[in-house]
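The structure file structure.pdb is reproduced below (PDB, C-alpha atoms, pLDDT in the B column).
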MODEL        1
ATOM      1  CA  MET A1434    -161.084-106.532  19.438  1.00 52.00           C
ATOM      2  CA  ASP A1435    -163.999-108.807  18.607  1.00 57.00           C
ATOM      3  CA  GLU A1436    -165.346-111.001  21.403  1.00 56.00           C
ATOM      4  CA  SER A1437    -165.140-114.745  21.034  1.00 59.00           C
ATOM      5  CA  PRO A1438    -168.320-116.850  20.969  1.00 54.00           C
ATOM      6  CA  LYS A1439    -167.375-118.108  24.443  1.00 55.00           C
ATOM      7  CA  GLN A1440    -167.206-114.555  25.856  1.00 54.00           C
ATOM      8  CA  ILE A1441    -170.527-113.646  24.268  1.00 51.00           C
ATOM      9  CA  CYS A1442    -172.099-116.782  25.742  1.00 49.00           C
ATOM     10  CA  MET A1443    -170.765-115.976  29.236  1.00 53.00           C
ATOM     11  CA  LYS A1444    -172.107-112.423  29.097  1.00 54.00           C
ATOM     12  CA  SER A1445    -175.510-113.685  27.963  1.00 52.00           C
ATOM     13  CA  LEU A1446    -175.616-116.186  30.830  1.00 51.00           C
ATOM     14  CA  LEU A1447    -174.730-113.443  33.325  1.00 49.00           C
ATOM     15  CA  PHE A1448    -177.409-111.120  31.943  1.00 50.00           C
ATOM     16  CA  TYR A1449    -180.136-113.739  32.125  1.00 50.00           C
ATOM     17  CA  SER A1450    -179.007-114.810  35.619  1.00 53.00           C
ATOM     18  CA  VAL A1451    -179.514-111.256  36.858  1.00 39.00           C
ATOM     19  CA  ILE A1452    -182.958-111.031  35.224  1.00 48.00           C
ATOM     20  CA  ILE A1453    -184.035-114.385  36.704  1.00 44.00           C
ATOM     21  CA  GLY A1454    -182.714-113.332  40.129  1.00 50.00           C
ATOM     22  CA  PHE A1455    -184.820-110.173  40.138  1.00 45.00           C
ATOM     23  CA  PHE A1456    -187.826-112.172  38.955  1.00 44.00           C
ATOM     24  CA  LEU A1457    -187.499-114.711  41.778  1.00 43.00           C
ATOM     25  CA  MET A1458    -187.007-111.994  44.410  1.00 47.00           C
ATOM     26  CA  SER A1459    -190.349-110.505  43.483  1.00 47.00           C
ATOM     27  CA  PHE A1460    -191.990-113.679  44.817  1.00 48.00           C
ATOM     28  CA  VAL A1461    -190.212-113.627  48.182  1.00 42.00           C
ATOM     29  CA  PRO A1462    -192.789-112.732  50.839  1.00 45.00           C
ATOM     30  CA  GLN A1463    -192.057-109.397  52.529  1.00 45.00           C
ATOM     31  CA  SER A1464    -192.003-109.418  56.336  1.00 43.00           C
ATOM     32  CA  THR A1465    -194.529-106.815  57.438  1.00 60.00           C
ATOM     33  CA  VAL A1466    -196.028-106.311  60.876  1.00 71.00           C
ATOM     34  CA  LYS A1467    -199.697-105.443  60.678  1.00 89.00           C
ATOM     35  CA  PRO A1468    -201.509-103.466  63.376  1.00 95.00           C
ATOM     36  CA  VAL A1469    -203.378-105.637  65.875  1.00 97.00           C
ATOM     37  CA  ARG A1470    -206.450-104.877  67.953  1.00 97.00           C
ATOM     38  CA  LEU A1471    -205.509-104.365  71.598  1.00 98.00           C
ATOM     39  CA  PHE A1472    -209.164-104.397  72.650  1.00 98.00           C
ATOM     40  CA  ASP A1473    -211.478-106.954  71.050  1.00 97.00           C
ATOM     41  CA  GLY A1474    -214.614-104.922  71.751  1.00 97.00           C
ATOM     42  CA  LYS A1475    -216.207-107.658  73.858  1.00 97.00           C
ATOM     43  CA  THR A1476    -213.921-108.775  76.691  1.00 98.00           C
ATOM     44  CA  PHE A1477    -211.094-107.572  78.943  1.00 98.00           C
ATOM     45  CA  LYS A1478    -208.752-110.170  77.455  1.00 98.00           C
ATOM     46  CA  GLY A1479    -205.219-108.780  77.601  1.00 98.00           C
ATOM     47  CA  TRP A1480    -206.181-106.124  80.146  1.00 98.00           C
ATOM     48  CA  SER A1481    -206.282-105.828  83.939  1.00 98.00           C
ATOM     49  CA  GLY A1482    -207.885-103.336  86.304  1.00 97.00           C
ATOM     50  CA  ASP A1483    -210.944-102.524  88.377  1.00 97.00           C
ATOM     51  CA  THR A1484    -213.578-103.987  86.076  1.00 97.00           C
ATOM     52  CA  ILE A1485    -216.144-104.077  88.900  1.00 96.00           C
ATOM     53  CA  ASN A1486    -216.456-100.429  89.910  1.00 96.00           C
ATOM     54  CA  THR A1487    -214.524 -98.328  87.385  1.00 98.00           C
ATOM     55  CA  TRP A1488    -214.213 -99.967  83.953  1.00 98.00           C
ATOM     56  CA  ARG A1489    -216.879-101.634  81.827  1.00 98.00           C
ATOM     57  CA  ILE A1490    -217.605-102.566  78.220  1.00 98.00           C
ATOM     58  CA  GLU A1491    -220.601-101.143  76.356  1.00 98.00           C
ATOM     59  CA  ASN A1492    -221.384-101.457  72.639  1.00 97.00           C
ATOM     60  CA  GLY A1493    -217.789-102.266  71.712  1.00 97.00           C
ATOM     61  CA  MET A1494    -216.351 -99.447  73.839  1.00 98.00           C
ATOM     62  CA  LEU A1495    -214.229 -99.349  76.964  1.00 98.00           C
ATOM     63  CA  ILE A1496    -215.879 -97.026  79.477  1.00 98.00           C
ATOM     64  CA  GLY A1497    -214.166 -95.660  82.576  1.00 98.00           C
ATOM     65  CA  GLY A1498    -215.589 -93.481  85.337  1.00 98.00           C
ATOM     66  CA  SER A1499    -219.038 -91.936  85.680  1.00 97.00           C
ATOM     67  CA  THR A1500    -220.807 -88.647  85.020  1.00 96.00           C
ATOM     68  CA  GLU A1501    -223.223 -89.393  87.877  1.00 96.00           C
ATOM     69  CA  LYS A1502    -220.768 -89.632  90.766  1.00 95.00           C
ATOM     70  CA  THR A1503    -217.300 -88.284  91.460  1.00 97.00           C
ATOM     71  CA  VAL A1504    -214.423 -90.583  90.528  1.00 97.00           C
ATOM     72  CA  PRO A1505    -212.633 -91.022  93.890  1.00 97.00           C
ATOM     73  CA  HIS A1506    -209.088 -91.340  92.553  1.00 97.00           C
ATOM     74  CA  ASN A1507    -207.082 -91.973  89.388  1.00 98.00           C
ATOM     75  CA  ASP A1508    -207.680 -95.400  87.941  1.00 98.00           C
ATOM     76  CA  PHE A1509    -206.123 -97.297  85.047  1.00 98.00           C
ATOM     77  CA  LEU A1510    -207.060-100.209  82.815  1.00 98.00           C
ATOM     78  CA  VAL A1511    -203.702-101.734  81.910  1.00 98.00           C
ATOM     79  CA  THR A1512    -202.304-104.186  79.359  1.00 98.00           C
ATOM     80  CA  THR A1513    -201.002-107.497  80.685  1.00 98.00           C
ATOM     81  CA  ARG A1514    -197.815-107.237  78.592  1.00 98.00           C
ATOM     82  CA  THR A1515    -195.229-104.573  77.896  1.00 98.00           C
ATOM     83  CA  TYR A1516    -194.473-102.654  74.703  1.00 98.00           C
ATOM     84  CA  ALA A1517    -191.433-100.629  73.620  1.00 98.00           C
ATOM     85  CA  ASN A1518    -191.539 -99.182  70.077  1.00 98.00           C
ATOM     86  CA  PHE A1519    -194.936 -98.855  68.439  1.00 98.00           C
ATOM     87  CA  ILE A1520    -197.573 -96.840  66.631  1.00 98.00           C
ATOM     88  CA  MET A1521    -200.867 -96.835  68.510  1.00 98.00           C
ATOM     89  CA  LYS A1522    -204.132 -95.435  67.199  1.00 98.00           C
ATOM     90  CA  LEU A1523    -207.488 -95.167  68.965  1.00 98.00           C
ATOM     91  CA  LYS A1524    -210.632 -93.119  69.306  1.00 98.00           C
ATOM     92  CA  ILE A1525    -211.352 -91.353  72.592  1.00 98.00           C
ATOM     93  CA  LYS A1526    -214.266 -89.328  73.964  1.00 98.00           C
ATOM     94  CA  LEU A1527    -214.157 -87.493  77.298  1.00 98.00           C
ATOM     95  CA  THR A1528    -217.286 -86.126  78.968  1.00 98.00           C
ATOM     96  CA  GLY A1529    -217.977 -84.672  82.377  1.00 97.00           C
ATOM     97  CA  THR A1530    -220.266 -82.456  84.401  1.00 87.00           C
ATOM     98  CA  GLU A1531    -218.226 -81.081  87.288  1.00 96.00           C
ATOM     99  CA  GLY A1532    -214.796 -81.230  88.909  1.00 97.00           C
ATOM    100  CA  PHE A1533    -211.551 -82.135  87.175  1.00 97.00           C
ATOM    101  CA  ILE A1534    -212.421 -83.749  83.833  1.00 98.00           C
ATOM    102  CA  ASN A1535    -209.327 -85.531  82.521  1.00 98.00           C
ATOM    103  CA  SER A1536    -208.075 -88.758  80.982  1.00 98.00           C
ATOM    104  CA  GLY A1537    -205.024 -90.023  79.123  1.00 98.00           C
ATOM    105  CA  ILE A1538    -203.109 -92.966  77.723  1.00 98.00           C
ATOM    106  CA  GLN A1539    -200.156 -94.306  79.704  1.00 98.00           C
ATOM    107  CA  PHE A1540    -197.297 -95.961  77.825  1.00 98.00           C
ATOM    108  CA  ARG A1541    -193.828 -97.226  78.681  1.00 98.00           C
ATOM    109  CA  SER A1542    -195.226 -97.262  82.200  1.00 98.00           C
ATOM    110  CA  LYS A1543    -195.514 -99.468  85.272  1.00 98.00           C
ATOM    111  CA  ARG A1544    -198.054 -99.986  88.026  1.00 98.00           C
ATOM    112  CA  LEU A1545    -197.201 -98.659  91.462  1.00 98.00           C
ATOM    113  CA  VAL A1546    -197.578-100.496  94.753  1.00 95.00           C
ATOM    114  CA  ASN A1547    -198.383 -97.526  96.955  1.00 94.00           C
ATOM    115  CA  PRO A1548    -201.004 -96.553  95.988  1.00 95.00           C
ATOM    116  CA  PRO A1549    -201.775 -99.668  93.889  1.00 94.00           C
ATOM    117  CA  TYR A1550    -204.196 -97.878  91.551  1.00 95.00           C
ATOM    118  CA  GLU A1551    -201.552 -95.428  90.261  1.00 98.00           C
ATOM    119  CA  MET A1552    -199.108 -95.713  87.350  1.00 98.00           C
ATOM    120  CA  GLU A1553    -195.701 -94.215  86.633  1.00 98.00           C
ATOM    121  CA  GLY A1554    -194.538 -93.246  83.176  1.00 98.00           C
ATOM    122  CA  TYR A1555    -195.388 -91.276  80.057  1.00 99.00           C
ATOM    123  CA  GLN A1556    -198.974 -90.159  79.535  1.00 99.00           C
ATOM    124  CA  ALA A1557    -200.532 -88.867  76.344  1.00 99.00           C
ATOM    125  CA  ASP A1558    -202.787 -86.459  78.211  1.00 98.00           C
ATOM    126  CA  PHE A1559    -206.373 -85.584  77.354  1.00 98.00           C
ATOM    127  CA  GLY A1560    -208.487 -82.908  79.024  1.00 98.00           C
ATOM    128  CA  ALA A1561    -208.922 -79.155  79.375  1.00 97.00           C
ATOM    129  CA  GLY A1562    -205.551 -77.473  79.841  1.00 97.00           C
ATOM    130  CA  TYR A1563    -203.749 -80.690  78.896  1.00 98.00           C
ATOM    131  CA  TRP A1564    -205.182 -81.549  75.471  1.00 98.00           C
ATOM    132  CA  ALA A1565    -202.798 -83.788  73.487  1.00 98.00           C
ATOM    133  CA  SER A1566    -199.786 -82.941  75.674  1.00 98.00           C
ATOM    134  CA  LEU A1567    -197.126 -85.288  77.059  1.00 99.00           C
ATOM    135  CA  TYR A1568    -197.158 -85.663  80.849  1.00 98.00           C
ATOM    136  CA  ASP A1569    -194.832 -87.634  83.112  1.00 98.00           C
ATOM    137  CA  GLU A1570    -197.164 -89.373  85.558  1.00 98.00           C
ATOM    138  CA  SER A1571    -196.014 -90.064  89.153  1.00 98.00           C
ATOM    139  CA  ARG A1572    -192.341 -89.673  88.174  1.00 98.00           C
ATOM    140  CA  ARG A1573    -191.317 -86.128  87.231  1.00 98.00           C
ATOM    141  CA  ASN A1574    -194.956 -85.076  87.756  1.00 98.00           C
ATOM    142  CA  LYS A1575    -194.959 -82.413  85.087  1.00 98.00           C
ATOM    143  CA  THR A1576    -195.949 -81.725  81.508  1.00 98.00           C
ATOM    144  CA  LEU A1577    -192.883 -82.483  79.390  1.00 98.00           C
ATOM    145  CA  ILE A1578    -194.159 -80.721  76.286  1.00 98.00           C
ATOM    146  CA  LYS A1579    -197.509 -79.387  75.091  1.00 98.00           C
ATOM    147  CA  PRO A1580    -199.002 -77.828  71.969  1.00 98.00           C
ATOM    148  CA  ASP A1581    -200.049 -74.222  71.614  1.00 98.00           C
ATOM    149  CA  SER A1582    -203.162 -73.843  73.797  1.00 96.00           C
ATOM    150  CA  ALA A1583    -205.124 -71.855  71.209  1.00 98.00           C
ATOM    151  CA  GLN A1584    -204.151 -74.045  68.259  1.00 98.00           C
ATOM    152  CA  VAL A1585    -204.990 -77.345  69.941  1.00 98.00           C
ATOM    153  CA  LEU A1586    -208.539 -76.154  70.697  1.00 98.00           C
ATOM    154  CA  LYS A1587    -209.087 -75.870  66.931  1.00 98.00           C
ATOM    155  CA  TRP A1588    -208.225 -79.561  66.605  1.00 98.00           C
ATOM    156  CA  ILE A1589    -210.127 -81.007  69.575  1.00 98.00           C
ATOM    157  CA  LYS A1590    -213.778 -82.036  69.384  1.00 98.00           C
ATOM    158  CA  ILE A1591    -215.109 -81.335  72.864  1.00 97.00           C
ATOM    159  CA  ASN A1592    -217.498 -84.025  74.224  1.00 98.00           C
ATOM    160  CA  ASP A1593    -217.091 -85.977  70.988  1.00 98.00           C
ATOM    161  CA  TRP A1594    -214.878 -88.656  69.438  1.00 98.00           C
ATOM    162  CA  ASN A1595    -211.270 -87.751  68.683  1.00 98.00           C
ATOM    163  CA  ASP A1596    -208.577 -89.730  66.861  1.00 98.00           C
ATOM    164  CA  TYR A1597    -205.479 -90.058  69.033  1.00 98.00           C
ATOM    165  CA  GLU A1598    -202.153 -91.451  67.803  1.00 98.00           C
ATOM    166  CA  ILE A1599    -198.974 -92.220  69.726  1.00 99.00           C
ATOM    167  CA  ARG A1600    -195.675 -92.894  67.942  1.00 98.00           C
ATOM    168  CA  ALA A1601    -192.958 -94.169  70.259  1.00 98.00           C
ATOM    169  CA  GLU A1602    -189.741 -94.927  68.376  1.00 98.00           C
ATOM    170  CA  LYS A1603    -186.721 -95.394  70.628  1.00 97.00           C
ATOM    171  CA  ARG A1604    -186.372 -92.086  72.536  1.00 98.00           C
ATOM    172  CA  HIS A1605    -188.501 -90.182  70.018  1.00 98.00           C
ATOM    173  CA  ILE A1606    -192.169 -89.630  70.957  1.00 98.00           C
ATOM    174  CA  ARG A1607    -194.791 -87.959  68.808  1.00 99.00           C
ATOM    175  CA  LEU A1608    -198.483 -87.384  69.510  1.00 99.00           C
ATOM    176  CA  TYR A1609    -201.242 -86.615  67.008  1.00 99.00           C
ATOM    177  CA  VAL A1610    -204.859 -85.618  67.548  1.00 98.00           C
ATOM    178  CA  ASN A1611    -207.308 -85.743  64.660  1.00 98.00           C
ATOM    179  CA  GLY A1612    -204.391 -85.939  62.239  1.00 98.00           C
ATOM    180  CA  ASN A1613    -202.533 -82.938  63.687  1.00 98.00           C
ATOM    181  CA  GLN A1614    -199.155 -83.347  65.368  1.00 98.00           C
ATOM    182  CA  SER A1615    -199.310 -81.904  68.876  1.00 98.00           C
ATOM    183  CA  VAL A1616    -196.042 -83.190  70.367  1.00 98.00           C
ATOM    184  CA  ASP A1617    -192.547 -83.956  69.069  1.00 98.00           C
ATOM    185  CA  TYR A1618    -190.317 -84.948  71.980  1.00 98.00           C
ATOM    186  CA  THR A1619    -186.986 -86.709  72.340  1.00 98.00           C
ATOM    187  CA  GLU A1620    -186.197 -88.016  75.822  1.00 98.00           C
ATOM    188  CA  PRO A1621    -182.862 -86.552  76.983  1.00 98.00           C
ATOM    189  CA  ASP A1622    -182.641 -88.623  80.195  1.00 98.00           C
ATOM    190  CA  THR A1623    -181.080 -91.992  79.371  1.00 97.00           C
ATOM    191  CA  SER A1624    -182.197 -93.412  82.726  1.00 98.00           C
ATOM    192  CA  ILE A1625    -185.891 -93.220  81.767  1.00 98.00           C
ATOM    193  CA  PRO A1626    -187.217 -96.667  80.698  1.00 97.00           C
ATOM    194  CA  GLN A1627    -188.336 -96.881  77.069  1.00 98.00           C
ATOM    195  CA  SER A1628    -190.601 -99.892  77.433  1.00 98.00           C
ATOM    196  CA  GLY A1629    -193.486-100.782  79.711  1.00 98.00           C
ATOM    197  CA  LEU A1630    -197.224-101.196  80.057  1.00 98.00           C
ATOM    198  CA  ILE A1631    -199.976 -99.309  78.261  1.00 98.00           C
ATOM    199  CA  GLY A1632    -202.914 -98.048  80.291  1.00 98.00           C
ATOM    200  CA  PHE A1633    -206.069 -95.973  79.915  1.00 98.00           C
ATOM    201  CA  GLN A1634    -206.734 -93.438  82.673  1.00 98.00           C
ATOM    202  CA  ILE A1635    -209.797 -91.860  84.192  1.00 98.00           C
ATOM    203  CA  HIS A1636    -208.657 -89.064  86.479  1.00 98.00           C
ATOM    204  CA  GLY A1637    -210.007 -88.713  89.991  1.00 98.00           C
ATOM    205  CA  GLY A1638    -211.732 -85.652  91.378  1.00 97.00           C
ATOM    206  CA  GLY A1639    -214.529 -85.142  88.890  1.00 98.00           C
ATOM    207  CA  LYS A1640    -217.780 -86.524  87.575  1.00 98.00           C
ATOM    208  CA  ALA A1641    -216.051 -87.705  84.431  1.00 98.00           C
ATOM    209  CA  GLN A1642    -216.291 -90.529  81.928  1.00 98.00           C
ATOM    210  CA  VAL A1643    -213.926 -91.637  79.193  1.00 98.00           C
ATOM    211  CA  ALA A1644    -214.899 -93.867  76.267  1.00 98.00           C
ATOM    212  CA  ILE A1645    -212.304 -95.602  74.090  1.00 98.00           C
ATOM    213  CA  LYS A1646    -212.697 -97.756  70.981  1.00 98.00           C
ATOM    214  CA  ASP A1647    -210.935 -98.939  67.810  1.00 98.00           C
ATOM    215  CA  VAL A1648    -207.619 -99.507  69.564  1.00 98.00           C
ATOM    216  CA  PHE A1649    -204.891-100.638  67.139  1.00 98.00           C
ATOM    217  CA  LEU A1650    -201.174-101.095  67.777  1.00 98.00           C
ATOM    218  CA  GLU A1651    -198.332-101.760  65.357  1.00 98.00           C
ATOM    219  CA  GLU A1652    -195.086-102.830  66.991  1.00 98.00           C
ATOM    220  CA  LEU A1653    -191.911-101.403  65.501  1.00 98.00           C
ATOM    221  CA  PRO A1654    -188.453-103.002  65.481  1.00 95.00           C
ATOM    222  CA  ASP A1655    -186.062-102.159  68.322  1.00 88.00           C
TER     223      ASP A1655
ENDMDL
END
Show me this structure written as structure tokens.
Amino acid sequence: MDESPKQICMKSLLFYSVIIGFFLMSFVPQSTVKPVRLFDGKTFKGWSGDTINTWRIENGMLIGGSTEKTVPHNDFLVTTRTYANFIMKLKIKLTGTEGFINSGIQFRSKRLVNPPYEMEGYQADFGAGYWASLYDESRRNKTLIKPDSAQVLKWIKINDWNDYEIRAEKRHIRLYVNGNQSVDYTEPDTSIPQSGLIGFQIHGGGKAQVAIKDVFLEELPD
């Protein structure tokens, strides 16, 4: 049965309406969250900690600890706000001459009161025996998961800059070092908080220094 002119006209209008709709949608701005710098390279804006004796800024880097004298205890430079789901990328270099040489990045964590310089929560660990592993600082006090000890040494640049990436998406946590995935962990304990502060650690007990730069964070939707 042949279509009437009215039916043909209606179909044409519908076709062109769809085309125009797609055309207009292409001009709708897409909502994207871009990574932001957590450390501006010049000031401690957005951070808190012992910036007199332990942490300092040099040539656009955050520096914690010392290779000249033993770091007396763990110490953390901590964000002033909390974060839940995110992708965080940074460069880290750990050096030391004697004692326990270790550092790490706290996340979904909180500061403790006793002692006040400690933190509780997840730590993306960094140091001999703990390279790119996931530790639970001052809570379960154990390594939750770690990469193969021989394999990770092929990825790490000792006494040099390393790219470190943390992906925290709901209860799923992944760590990467120099582009290699070292940890894939899903938190089974529903009582463990999945948001909190971010902090950089210099571990006590060694003549050790950590340098951190190019710190970027992209927040992800809940």
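Residue neighbourhood of Asn1592 of chain A, excluding near-sequence residues (fewer than 3 positions): Lys1526, Leu1527, Thr1528 and Gly1529 of chain A, at 9 Å, using only C-alpha atoms.
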Resulting file, chosen residues, C-alpha atoms, as a tab-separated table (two decimals), in the coordinates of the input:
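selection-v6.tsv was written with the following content:
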chain	number	residue	atom	x	y	z
A	1526	LYS	CA	-214.27	-89.33	73.96
A	1527	LEU	CA	-214.16	-87.49	77.30
A	1528	THR	CA	-217.29	-86.13	78.97
A	1529	GLY	CA	-217.98	-84.67	82.38
Mind dumping a table of every segment 1475-1530 of chain A residue within 10 Å of segment 1552-1555 of chain A, with the nearest atom pair and its distance in Å to one decimal, using all atoms listed in the file, sorted by chain and rising number, as a tab-separated table?
residue	atom	partner	partner_atom	distance
A:Asn1507	CA	A:Met1552	CA	9.0
A:Asp1508	CA	A:Met1552	CA	8.6
A:Phe1509	CA	A:Met1552	CA	7.6
A:Val1511	CA	A:Met1552	CA	9.3
Now that the selection is made, can you save its residues with C-alpha atoms as a short mmCIF file (atom, residue, chain, number, x, y, z; two decimals), keeping the file's coordinate frame?
data_model
loop_
_atom_site.label_atom_id
_atom_site.label_comp_id
_atom_site.auth_asym_id
_atom_site.auth_seq_id
_atom_site.Cartn_x
_atom_site.Cartn_y
_atom_site.Cartn_z
CA ASN A 1507 -207.08 -91.97 89.39
CA ASP A 1508 -207.68 -95.40 87.94
CA PHE A 1509 -206.12 -97.30 85.05
CA VAL A 1511 -203.70 -101.73 81.91
#
Give me the residues within 12 Å of Leu1586 of chain A as a PyMOL selection string, counting all atoms listed in the file and dropping any in the same chain fewer than 3 places off.
-> chain A and resi 1559-1565+1580-1583+1589-1591+1610-1611+1613+1615
Please produce a file of the residues just selected, as a PDB file, keeping the file's coordinate frame, where the atoms kept are C-alpha atoms.
ATOM      1  CA  PHE A1559    -206.373 -85.584  77.354  1.00 98.00           C
ATOM      2  CA  GLY A1560    -208.487 -82.908  79.024  1.00 98.00           C
ATOM      3  CA  ALA A1561    -208.922 -79.155  79.375  1.00 97.00           C
ATOM      4  CA  GLY A1562    -205.551 -77.473  79.841  1.00 97.00           C
ATOM      5  CA  TYR A1563    -203.749 -80.690  78.896  1.00 98.00           C
ATOM      6  CA  TRP A1564    -205.182 -81.549  75.471  1.00 98.00           C
ATOM      7  CA  ALA A1565    -202.798 -83.788  73.487  1.00 98.00           C
ATOM      8  CA  PRO A1580    -199.002 -77.828  71.969  1.00 98.00           C
ATOM      9  CA  ASP A1581    -200.049 -74.222  71.614  1.00 98.00           C
ATOM     10  CA  SER A1582    -203.162 -73.843  73.797  1.00 96.00           C
ATOM     11  CA  ALA A1583    -205.124 -71.855  71.209  1.00 98.00           C
ATOM     12  CA  ILE A1589    -210.127 -81.007  69.575  1.00 98.00           C
ATOM     13  CA  LYS A1590    -213.778 -82.036  69.384  1.00 98.00           C
ATOM     14  CA  ILE A1591    -215.109 -81.335  72.864  1.00 97.00           C
ATOM     15  CA  VAL A1610    -204.859 -85.618  67.548  1.00 98.00           C
ATOM     16  CA  ASN A1611    -207.308 -85.743  64.660  1.00 98.00           C
ATOM     17  CA  ASN A1613    -202.533 -82.938  63.687  1.00 98.00           C
ATOM     18  CA  SER A1615    -199.310 -81.904  68.876  1.00 98.00           C
TER      19      SER A1615
END
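With all atoms listed in the file as the basis for measurement, A:Glu1491 is the residue among A:Asp1483, A:Glu1620, A:Asp1569, A:Glu1491 that approaches Ile1645 of chain A most closely.
Closest approach to Leu1545 of chain A among A:Tyr1516, A:Leu1630, A:Thr1619, A:Glu1651 is made by A:Leu1630 (distances from all atoms listed in the file).
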Selection result of the PyMOL selection byres ((chain A and resi 1469) around 7) on this file, as number ranges by chain = A: 1467-1468, 1470-1471, 1649-1651
Edge lengths and centre in Å to one decimal, as AutoDock Vina command-line options, of the axis-aligned box that encloses all listed atoms of segment 1542-1558 of chain A with 5 Å added on every side?
--center_x -199.4 --center_y -93.5 --center_z 86.6 --size_x 19.7 --size_y 24.0 --size_z 30.6
Determine the residue membership of the PyMOL selection byres ((chain A and resi 1605) around 12) for the file above and supply it as JSON, numbers by chain.
-> {"A": [1517, 1518, 1519, 1520, 1599, 1600, 1601, 1602, 1603, 1604, 1606, 1607, 1608, 1616, 1617, 1618, 1619, 1620, 1621, 1622, 1627]}
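Here atom CA of Val1643 of chain A is placed at a distance of 19.8 Å from atom CA of Ser1542 of chain A.
The two atoms in question, atom CA of Phe1472 of chain A and atom CA of Met1494 of chain A, are spaced 8.8 Å apart.
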Identify all residues satisfying the PyMOL selection byres ((chain A and resi 1631-1641) around 8) in the given file; provide them as an NGL selection string.
-> :A and (1497-1512 or 1515-1516 or 1527-1542 or 1629-1630 or 1642-1643)
Quick one: of A:Leu1523, A:Leu1653, A:Ile1578, A:Ala1644, who's nearest to Asn1492 of chain A, counting all atoms listed in the file?
-> A:Ala1644
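Going from atom CA of Asp1593 of chain A over to atom CA of Trp1488 of chain A, you cover 19.3 Å.
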For each of A:Ser1571, A:Lys1587, A:Asp1596, A:Thr1513, take the minimum atom-to-atom distance to Gly1479 of chain A, counting all atoms listed in the file, then give the residue where this is smallest.
-> A:Thr1513
Using all atoms listed in the file, find the one residue out of A:Asp1655, A:Asn1595, A:Asp1647, A:Ile1496 that sits nearest to Asp1473 of chain A.
-> A:Asp1647
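Proximity of A:Ile1525, A:Lys1543, A:Phe1477, A:Glu1551 to Ile1625 of chain A, computed with all atoms listed in the file, is greatest for A:Lys1543.
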